[in-house]
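*Asks:* Here's a structure for you.
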2 protein chains.
Amino acid sequence: MLTLGKQQSTYDFGPDNPPALRVKPGATLVLETLDAVDGQIQSDSDSAEQIDLGHVNSATGPIYVEGAQPGDTLVVEILDNELANQGAALIIPGFGALQDDIPGPYTKVFHVEDGQIRYGDKVRLPLKPMIGTIGVAPLEPLPTLNLGEHGGNLDTTAVTTGATVYLPVFVEGALFGAGDVHSTQGDGEVCGTGIETDAKLTFRLDVRKDFPIQRPRLENADEWMTIGVDESLKEAIRLSLLDMVSWLQDMHGLSREEAYVLISLVGDVRIGQIVDPKASVRTVMPKSVFI
Amino acid sequence: MLTLGKQQSTYDFGPDNPPALRVKPGATLVLETLDAVDGQIQSDSDSAEQIDLGHVNSATGPIYVEGAQPGDTLVVEILDNELANQGAALIIPGFGALQDDIPGPYTKVFHVEDGQIRYGDKVRLPLKPMIGTIGVAPLEPLPTLNLGEHGGNLDTTAVTTGATVYLPVFVEGALFGAGDVHSTQGDGEVCGTGIETDAKLTFRLDVRKDFPIQRPRLENADEWMTIGVDESLKEAIRLSLLDMVSWLQDMHGLSREEAYVLISLVGDVRIGQIVDPKASVRTVMPKSVFI
């Protein structure tokens, strides 16, 4: 199995970053990933205030996918997401949806016991592994903490085993990377983190020439999803809706109005996160309504 | 059974509206409700542009609940929601999340067949009844199309049979009302409507003196929910998060930081709607994580 170790991490998605690995379309590969604070938090006494913000949210990569050209779509099947047994959640001052109300700092290290995450004596959290950061190189370099049409720090709970992520290719070879895995995270990621943990990700990468997209899309067995990213939540919602309208038109021959109304009736607009430099939003359509 | 007919409808929640019915705490009652456009749309050829906007989103009521005083909490158990067999979805110009992109007008009338909603030959929608408008009188009158701390046009899919809605009481008797039922609606209500339909709602109303709240809250068998309402989506999210932090502290003795982090890890921030005069947002916490 092709494997890229976590020492091959990068803090930006950039068009000129030298590939750490080259693969053919259809390749399956394993990426080992660092937790989002590069292991700087190991116990509850490690302060969230002392984190070196120059070493956060790394992605393992970049992977050059042969044959991927600008205008193509990179197809990323998520085959497995093996979590480490320890992770941390943080309230970092100046960060989070309640940063003026509950400013922190606060650190909580979690351990997995019997397949669950223990939080004191009275709370047990199920494991819900997800990949926070997944993307390709945009035309201009962007920190891995940021997000946009190239993907990046989407922090979208649907990016998980069994899902296929579609990313627009902007540069030759796509220059794919992923990291920032969470053992669990809710929609919103409101305090600014999930449980940030090391992980071992297994992907299958492919290239499509017949499916041009402008922004990330997702699919799993039950749903189609389109992702919008913007500083404004409202505009992120608009972008994800417009993509879903187009997709439903292309797949099912609906008019724009029919697609729009159908989304209003059975589609859900869900929040990825509202705490990173831009918000991420997804429109979720159930496949089951089409007979 | 106490029943209030749909001719007892009102277009505002106001402190001085004369009660249509008086009930004792613990009473069960039936409210017949008009669809959100007062039956103005009966076929696909009835234009969404010709709707009299002075006759939209009525609520049946108001109900005076004996003993309810300002500062109390009205407890509304939703026992049943019987839908009519016909309803309409609309794109009304100047309204909706894509109003600049897909302006309408567009009208689609739906019929229930074999317990499903038919949308052309290729689409079948399951029935997902929900109550769009539910509230009490605020201190100043507000149109039923609007929303706020008193509830109102929340358009929140979780307001459905099996849920208990908690509303803060602002005036003596609470002056409860409900209407604007949807046969189905997705989170966001993006085109501006669900399937708007007549309905027959069964509620049990009670009053709590020991559970003061500032904004609507909900509960069902699996989840606690707090609702935030504001012109700004971000502020609506903040309000709903602050209420959930308080509620988790009160119920489970968590610190503010513990509650905030727990919401980030397993709570979901979900959108009610983004198309009414103010946005509605709910924070959803699964009960199952507490052992």
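Identifiers for the structure tokens are assigned positionally: chains receive A, B, ... in sequence, residues are indexed from 1 per chain, and ligands are indexed from 1 in the order shown.
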Determine, counting only C-alpha atoms, which protein, DNA and RNA residues have an atom within 7 Å of an atom of Thr157 of chain B; residues of the same chain fewer than 3 positions away are not included. Present the result as a PDB file with N, CA and C atoms, in the first residue's frame.
*Replies:*
```pdb
ATOM      1  N   MET B 130     -45.121  19.284  10.109  1.00  0.00           N
ATOM      2  CA  MET B 130     -44.510  20.168  11.098  1.00  0.00           C
ATOM      3  C   MET B 130     -45.341  21.441  11.206  1.00  0.00           C
ATOM      4  N   THR B 160     -42.936  19.317  15.879  1.00  0.00           N
ATOM      5  CA  THR B 160     -43.728  18.262  15.260  1.00  0.00           C
ATOM      6  C   THR B 160     -44.275  17.315  16.331  1.00  0.00           C
ATOM      7  N   GLN B 185     -41.066  20.113   4.972  1.00  0.00           N
ATOM      8  CA  GLN B 185     -40.181  21.277   4.805  1.00  0.00           C
ATOM      9  C   GLN B 185     -38.782  20.845   5.188  1.00  0.00           C
ATOM     10  N   ASP B 187     -34.750  21.830   6.401  1.00  0.00           N
ATOM     11  CA  ASP B 187     -34.077  22.867   7.186  1.00  0.00           C
ATOM     12  C   ASP B 187     -33.613  23.974   6.245  1.00  0.00           C
ATOM     13  N   GLY B 272     -33.358  26.695  11.095  1.00  0.00           N
ATOM     14  CA  GLY B 272     -34.799  26.560  10.920  1.00  0.00           C
ATOM     15  C   GLY B 272     -35.142  27.075   9.537  1.00  0.00           C
TER      16      GLY B 272
END
```
*Asks:* Distance limit 8 Å, atoms considered: only C-alpha atoms. Which chain A residues sit that close to chain B? Return them as number ranges by chain.
*Replies:* A: 89-91, 97-98, 102, 104, 106, 122-126, 184-195, 233-234, 238, 241-242, 256-257, 260-261, 263-271, 289-291
*Asks:* Just write the chosen residues, C-alpha atoms, as a compact mmCIF listing (two decimals), in the first residue's frame.
*Replies:*
```txt
# COMPACT_ATOMS: atom_id res chain seq x y z
CA ALA A 89 -10.63 19.82 22.49
CA LEU A 90 -9.74 23.44 23.12
CA ILE A 91 -11.19 26.87 23.73
CA ALA A 97 -18.74 31.15 18.22
CA LEU A 98 -18.91 32.34 21.86
CA ILE A 102 -16.77 32.09 27.03
CA GLY A 104 -11.17 30.39 27.44
CA TYR A 106 -9.62 25.75 28.23
CA LYS A 122 -21.41 11.28 33.57
CA VAL A 123 -20.79 11.69 29.84
CA ARG A 124 -19.81 9.19 27.13
CA LEU A 125 -19.42 10.28 23.53
CA PRO A 126 -19.63 7.88 20.59
CA THR A 184 -16.15 13.62 16.94
CA GLN A 185 -17.47 17.07 15.96
CA GLY A 186 -20.94 18.55 15.83
CA ASP A 187 -22.32 20.69 13.00
CA GLY A 188 -20.99 24.18 13.71
CA GLU A 189 -17.79 23.14 15.54
CA VAL A 190 -18.85 25.94 17.82
CA CYS A 191 -16.01 26.12 20.36
CA GLY A 192 -13.50 26.07 17.49
CA THR A 193 -12.40 22.43 17.69
CA GLY A 194 -13.65 18.88 17.61
CA ILE A 195 -11.61 16.24 19.39
CA LEU A 233 -22.97 32.47 6.06
CA LYS A 234 -25.77 33.74 3.85
CA ARG A 238 -26.53 30.72 -1.62
CA LEU A 241 -27.94 26.03 -3.10
CA LEU A 242 -27.03 27.16 -6.62
CA ARG A 256 -34.51 25.49 -12.02
CA GLU A 257 -37.77 26.25 -10.23
CA TYR A 260 -35.27 24.96 -5.98
CA VAL A 261 -38.70 24.02 -4.60
CA ILE A 263 -34.66 21.48 -2.06
CA SER A 264 -36.97 23.66 0.05
CA LEU A 265 -39.26 20.70 0.68
CA VAL A 266 -36.85 17.83 1.41
CA GLY A 267 -33.31 19.24 1.32
CA ASP A 268 -31.53 20.45 4.42
CA VAL A 269 -29.14 23.38 4.62
CA ARG A 270 -26.61 22.34 7.26
CA ILE A 271 -23.72 24.19 8.80
CA VAL A 289 -37.15 10.80 -3.17
CA PHE A 290 -36.28 9.90 -6.78
CA ILE A 291 -38.04 6.75 -7.90
```
*Asks:* Using DSSP on the backbone coordinates, identify all residues within segment 208-246 of chain A classified as strand (DSSP E or B); present the result as an MDAnalysis selection string.
*Replies:* chainID A and resid 208 217:219 223:230
*Asks:* When distances are computed from only C-alpha atoms, which of B:Ser43, B:Thr73, B:Thr33, B:Thr10 shows the smallest separation from Lys209 of chain B?
*Replies:* B:Thr73
*Asks:* Please extract the residues of segment 80-279 of chain A with a backbone DSSP assignment of helix (DSSP H, G or I) and present them as a ChimeraX atom specification.
*Replies:* /A:233-252,256-266
*Asks:* Tell me which protein, DNA and RNA residues are within 10 Å of Lys6 of chain B, counting only C-alpha atoms, leaving out same-chain ones fewer than 3 positions away, and put them as a list in words.
*Replies:*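 With the cut-off at 10 Å, the set is Thr3, Ser9, Thr10, Leu31, Glu32, Thr33, Leu34, Asp35, Asp38, Ser58, Ala59, Thr60, Gly61, Gly179, Asp198, Ala199 and Lys200 of chain B.
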*Asks:* Go ahead and write the selection's residues with C-alpha atoms as a short mmCIF file (atom, residue, chain, number, x, y, z; two decimals), in the first residue's frame.
*Replies:*
```
data_model
loop_
_atom_site.label_atom_id
_atom_site.label_comp_id
_atom_site.auth_asym_id
_atom_site.auth_seq_id
_atom_site.Cartn_x
_atom_site.Cartn_y
_atom_site.Cartn_z
CA THR B 3 -61.89 22.70 19.57
CA SER B 9 -57.55 33.01 13.00
CA THR B 10 -55.41 36.05 13.65
CA LEU B 31 -56.89 23.82 16.71
CA GLU B 32 -57.99 23.78 13.09
CA THR B 33 -55.55 25.84 11.05
CA LEU B 34 -55.57 27.51 7.65
CA ASP B 35 -52.74 27.04 5.17
CA ASP B 38 -55.49 31.34 3.52
CA SER B 58 -52.50 33.15 10.10
CA ALA B 59 -52.49 31.49 13.51
CA THR B 60 -55.54 29.99 15.16
CA GLY B 61 -56.12 31.54 18.59
CA GLY B 179 -50.82 27.64 12.40
CA ASP B 198 -54.66 23.12 6.23
CA ALA B 199 -54.38 20.99 9.37
CA LYS B 200 -55.94 19.89 12.63
#
```
*Asks:* Give me the residues near segment 166-168 of chain B as a PDB file with C-alpha atoms, in the first residue's frame, where near means some atom within 10 Å (using only C-alpha atoms) and where sequence neighbours in that chain fewer than 5 positions away do not count.
*Replies:*
```
ATOM      1  CA  GLN B  69     -48.285  34.857  34.396  1.00  0.00           C
ATOM      2  CA  PRO B  70     -45.397  36.858  32.926  1.00  0.00           C
ATOM      3  CA  GLY B  71     -42.156  35.037  33.785  1.00  0.00           C
ATOM      4  CA  ASP B  72     -43.817  31.607  33.652  1.00  0.00           C
ATOM      5  CA  THR B  73     -43.199  29.089  30.899  1.00  0.00           C
ATOM      6  CA  LEU B  74     -45.972  27.722  28.700  1.00  0.00           C
ATOM      7  CA  VAL B  75     -45.523  23.995  28.021  1.00  0.00           C
ATOM      8  CA  VAL B  76     -46.992  22.901  24.684  1.00  0.00           C
ATOM      9  CA  GLU B  77     -47.069  19.174  24.000  1.00  0.00           C
ATOM     10  CA  ILE B 134     -46.359  28.625  17.220  1.00  0.00           C
ATOM     11  CA  GLY B 135     -46.188  31.328  19.847  1.00  0.00           C
ATOM     12  CA  VAL B 136     -47.568  33.501  22.611  1.00  0.00           C
ATOM     13  CA  ALA B 137     -48.226  37.236  22.767  1.00  0.00           C
ATOM     14  CA  PRO B 138     -45.120  39.417  23.105  1.00  0.00           C
ATOM     15  CA  GLU B 149     -38.519  35.458  21.778  1.00  0.00           C
ATOM     16  CA  HIS B 150     -42.256  34.757  21.868  1.00  0.00           C
ATOM     17  CA  GLY B 151     -41.922  32.148  19.104  1.00  0.00           C
ATOM     18  CA  ALA B 174     -50.010  33.654  27.593  1.00  0.00           C
ATOM     19  CA  PHE B 176     -51.168  31.057  22.642  1.00  0.00           C
ATOM     20  CA  ASP B 206     -49.564  23.470  30.770  1.00  0.00           C
ATOM     21  CA  VAL B 207     -47.801  26.132  32.816  1.00  0.00           C
ATOM     22  CA  ARG B 208     -44.501  25.854  34.676  1.00  0.00           C
ATOM     23  CA  PHE B 211     -38.514  26.822  34.613  1.00  0.00           C
ATOM     24  CA  PRO B 212     -37.939  30.439  33.545  1.00  0.00           C
ATOM     25  CA  ILE B 213     -36.661  30.821  29.960  1.00  0.00           C
ATOM     26  CA  GLN B 214     -35.883  33.769  27.721  1.00  0.00           C
ATOM     27  CA  ARG B 215     -36.507  32.170  24.347  1.00  0.00           C
ATOM     28  CA  PRO B 216     -38.283  29.101  22.916  1.00  0.00           C
ATOM     29  CA  ARG B 217     -36.888  25.683  23.773  1.00  0.00           C
ATOM     30  CA  LEU B 218     -37.899  22.223  22.596  1.00  0.00           C
ATOM     31  CA  GLU B 219     -37.576  18.687  23.751  1.00  0.00           C
ATOM     32  CA  THR B 226     -32.753  25.808  22.133  1.00  0.00           C
TER      33      THR B 226
END
```
*Asks:* So that I can check the surroundings of Arg22 of chain B, please list as a list in words every protein, DNA and RNA residue that reaches within 10 Å of it, counting only C-alpha atoms and ignoring chain neighbours fewer than 3 positions away.
*Replies:* Leu2, Pro19, Pro25, Ala27, Pro62, Ile63, Tyr64, Val65, Glu66, Gly173 and Leu175 of chain B
*Asks:* I'd like the neighbourhood of Asp180 of chain B as a PyMOL selection string, where a residue qualifies if any of its atoms comes within 6 Å (using only C-alpha atoms), though same-chain residues fewer than 3 positions away should be ignored.
*Replies:* chain B and resi 35-36+57+132-133
*Asks:* Taking into account only C-alpha atoms, which residue in the set A:Gly253, A:Gln42, A:Gly162, A:Ser47 is nearest to Thr202 of chain A?
*Replies:*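 The shortest atom-to-atom distance to Thr202 of chain A comes from A:Gly162.
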